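What follows is a short report on a single structure.
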Amino acid sequence: MTEIKKCDECESEYFANSSKMLNLCPECSHILYGYQNCNHIFKENRCIKCYWNGNVTKYLKQLKQKNKNDS
């Protein structure tokens with residue numbers, strides 16, 4: 001059985017083995033620290049690969065927008 005953890009940043013549940021960081025989902029670890037992200041495939045409001053539910057904090061939204069503008 002796959003261990004499910006709760007992300008410290010966005011509070012989404014995620015599969016523990018899907019992230020390079022201990023307490024962050026793949027999405028948050030990617031945005032905050034540049035780790036490889038999951039290529040999300042959503043089914044019934046969850047990624048079937050990493051179990052992330054799409055949660056994004058206000059801070060993460062700002063970082064994503066800044067990164068988009070810097071590109």
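Each chain of the structure tokens is named A, B, ... in the order shown, its residues numbered from 1; ligands are numbered from 1 in display order.
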
Can you build me a table of range 3-23 of chain A residues sitting at most 9 Å from range 36-58 of chain A, with the closest atom pair per residue and its distance in Å to one decimal, using only C-alpha atoms, sorted by chain and residue number, as a tab-separated table?
residue	atom	partner	partner_atom	distance
A:Ile4	CA	A:Tyr51	CA	8.4
A:Glu9	CA	A:Thr57	CA	7.3
A:Cys10	CA	A:Val56	CA	5.6
A:Glu11	CA	A:Asn55	CA	7.4
A:Ser12	CA	A:Trp52	CA	5.9
A:Glu13	CA	A:Trp52	CA	6.0
A:Tyr14	CA	A:Tyr51	CA	4.7
A:Phe15	CA	A:Cys50	CA	5.3
A:Ala16	CA	A:Cys50	CA	8.2
A:Asn17	CA	A:Cys50	CA	8.2
A:Ser18	CA	A:Cys50	CA	5.4
A:Ser19	CA	A:Cys50	CA	8.0
A:Lys20	CA	A:Gln36	CA	8.1

**Item:** Residue list (strand (DSSP E or B), DSSP) for chain A, as number ranges by chain
**Value:** A: 4-6, 13-15, 42-43, 46-47

**Request:** Write down as a list in words the residues belonging to chain A that are assigned helix (DSSP H, G or I) by DSSP computed on the backbone.
**Result:**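 Matching residues, listed in order: Ala16, Asn17, Ser18, Pro26, Glu27, Cys28, Ser29, His30, Ile31, Leu32, Tyr33, Lys58, Tyr59, Leu60, Lys61, Gln62, Leu63, Lys64, Gln65, Lys66, Asn67, Lys68, Asn69 and Asp70 of chain A.
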
Limited to N, CA and C atoms, could you put the picked residues into a file as a PDB file, in the first residue's frame?
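So out-v3.pdb came out as:
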ATOM      1  N   ALA A  16       3.577   9.643  -0.787  1.00  0.00           N
ATOM      2  CA  ALA A  16       4.898   9.962  -0.234  1.00  0.00           C
ATOM      3  C   ALA A  16       6.016   9.677  -1.233  1.00  0.00           C
ATOM      4  N   ASN A  17       5.901   8.613  -1.996  1.00  0.00           N
ATOM      5  CA  ASN A  17       6.975   8.254  -2.921  1.00  0.00           C
ATOM      6  C   ASN A  17       6.962   9.075  -4.210  1.00  0.00           C
ATOM      7  N   SER A  18       6.011   9.995  -4.362  1.00  0.00           N
ATOM      8  CA  SER A  18       5.924  10.800  -5.579  1.00  0.00           C
ATOM      9  C   SER A  18       6.708  12.107  -5.480  1.00  0.00           C
ATOM     10  N   PRO A  26       4.703  17.026  -4.764  1.00  0.00           N
ATOM     11  CA  PRO A  26       5.534  17.331  -5.927  1.00  0.00           C
ATOM     12  C   PRO A  26       5.323  18.740  -6.472  1.00  0.00           C
ATOM     13  N   GLU A  27       4.094  19.219  -6.457  1.00  0.00           N
ATOM     14  CA  GLU A  27       3.791  20.563  -6.969  1.00  0.00           C
ATOM     15  C   GLU A  27       4.499  21.635  -6.140  1.00  0.00           C
ATOM     16  N   CYS A  28       4.364  21.572  -4.831  1.00  0.00           N
ATOM     17  CA  CYS A  28       4.983  22.576  -3.955  1.00  0.00           C
ATOM     18  C   CYS A  28       6.508  22.476  -3.979  1.00  0.00           C
ATOM     19  N   SER A  29       7.045  21.266  -3.992  1.00  0.00           N
ATOM     20  CA  SER A  29       8.504  21.128  -4.028  1.00  0.00           C
ATOM     21  C   SER A  29       9.052  21.666  -5.344  1.00  0.00           C
ATOM     22  N   HIS A  30       8.270  21.556  -6.404  1.00  0.00           N
ATOM     23  CA  HIS A  30       8.693  22.110  -7.698  1.00  0.00           C
ATOM     24  C   HIS A  30       8.688  23.636  -7.671  1.00  0.00           C
ATOM     25  N   ILE A  31       7.591  24.210  -7.212  1.00  0.00           N
ATOM     26  CA  ILE A  31       7.461  25.670  -7.199  1.00  0.00           C
ATOM     27  C   ILE A  31       8.457  26.301  -6.232  1.00  0.00           C
ATOM     28  N   LEU A  32       8.598  25.735  -5.051  1.00  0.00           N
ATOM     29  CA  LEU A  32       9.440  26.335  -4.018  1.00  0.00           C
ATOM     30  C   LEU A  32      10.928  26.056  -4.197  1.00  0.00           C
ATOM     31  N   TYR A  33      11.285  24.853  -4.671  1.00  0.00           N
ATOM     32  CA  TYR A  33      12.699  24.460  -4.676  1.00  0.00           C
ATOM     33  C   TYR A  33      13.209  23.942  -6.011  1.00  0.00           C
ATOM     34  N   LYS A  58      -2.007  31.042  -1.702  1.00  0.00           N
ATOM     35  CA  LYS A  58      -1.856  32.378  -2.283  1.00  0.00           C
ATOM     36  C   LYS A  58      -0.381  32.650  -2.593  1.00  0.00           C
ATOM     37  N   TYR A  59       0.488  32.265  -1.677  1.00  0.00           N
ATOM     38  CA  TYR A  59       1.931  32.462  -1.868  1.00  0.00           C
ATOM     39  C   TYR A  59       2.424  31.702  -3.102  1.00  0.00           C
ATOM     40  N   LEU A  60       1.987  30.461  -3.275  1.00  0.00           N
ATOM     41  CA  LEU A  60       2.407  29.672  -4.434  1.00  0.00           C
ATOM     42  C   LEU A  60       1.879  30.269  -5.733  1.00  0.00           C
ATOM     43  N   LYS A  61       0.651  30.785  -5.705  1.00  0.00           N
ATOM     44  CA  LYS A  61       0.092  31.436  -6.891  1.00  0.00           C
ATOM     45  C   LYS A  61       0.961  32.622  -7.294  1.00  0.00           C
ATOM     46  N   GLN A  62       1.398  33.400  -6.300  1.00  0.00           N
ATOM     47  CA  GLN A  62       2.259  34.557  -6.576  1.00  0.00           C
ATOM     48  C   GLN A  62       3.592  34.109  -7.167  1.00  0.00           C
ATOM     49  N   LEU A  63       4.185  33.043  -6.627  1.00  0.00           N
ATOM     50  CA  LEU A  63       5.449  32.540  -7.147  1.00  0.00           C
ATOM     51  C   LEU A  63       5.302  32.020  -8.580  1.00  0.00           C
ATOM     52  N   LYS A  64       4.214  31.296  -8.840  1.00  0.00           N
ATOM     53  CA  LYS A  64       3.974  30.773 -10.182  1.00  0.00           C
ATOM     54  C   LYS A  64       3.829  31.936 -11.174  1.00  0.00           C
ATOM     55  N   GLN A  65       3.108  32.977 -10.784  1.00  0.00           N
ATOM     56  CA  GLN A  65       2.923  34.127 -11.658  1.00  0.00           C
ATOM     57  C   GLN A  65       4.245  34.846 -11.896  1.00  0.00           C
ATOM     58  N   LYS A  66       5.037  34.995 -10.839  1.00  0.00           N
ATOM     59  CA  LYS A  66       6.345  35.641 -10.974  1.00  0.00           C
ATOM     60  C   LYS A  66       7.235  34.843 -11.912  1.00  0.00           C
ATOM     61  N   ASN A  67       7.251  33.530 -11.740  1.00  0.00           N
ATOM     62  CA  ASN A  67       8.071  32.673 -12.599  1.00  0.00           C
ATOM     63  C   ASN A  67       7.622  32.745 -14.050  1.00  0.00           C
ATOM     64  N   LYS A  68       6.316  32.836 -14.256  1.00  0.00           N
ATOM     65  CA  LYS A  68       5.768  32.943 -15.620  1.00  0.00           C
ATOM     66  C   LYS A  68       6.194  34.261 -16.241  1.00  0.00           C
ATOM     67  N   ASN A  69       6.159  35.338 -15.448  1.00  0.00           N
ATOM     68  CA  ASN A  69       6.545  36.659 -15.946  1.00  0.00           C
ATOM     69  C   ASN A  69       8.045  36.751 -16.212  1.00  0.00           C
ATOM     70  N   ASP A  70       8.850  36.029 -15.452  1.00  0.00           N
ATOM     71  CA  ASP A  70      10.303  36.047 -15.616  1.00  0.00           C
ATOM     72  C   ASP A  70      10.767  35.251 -16.845  1.00  0.00           C
TER      73      ASP A  70
END
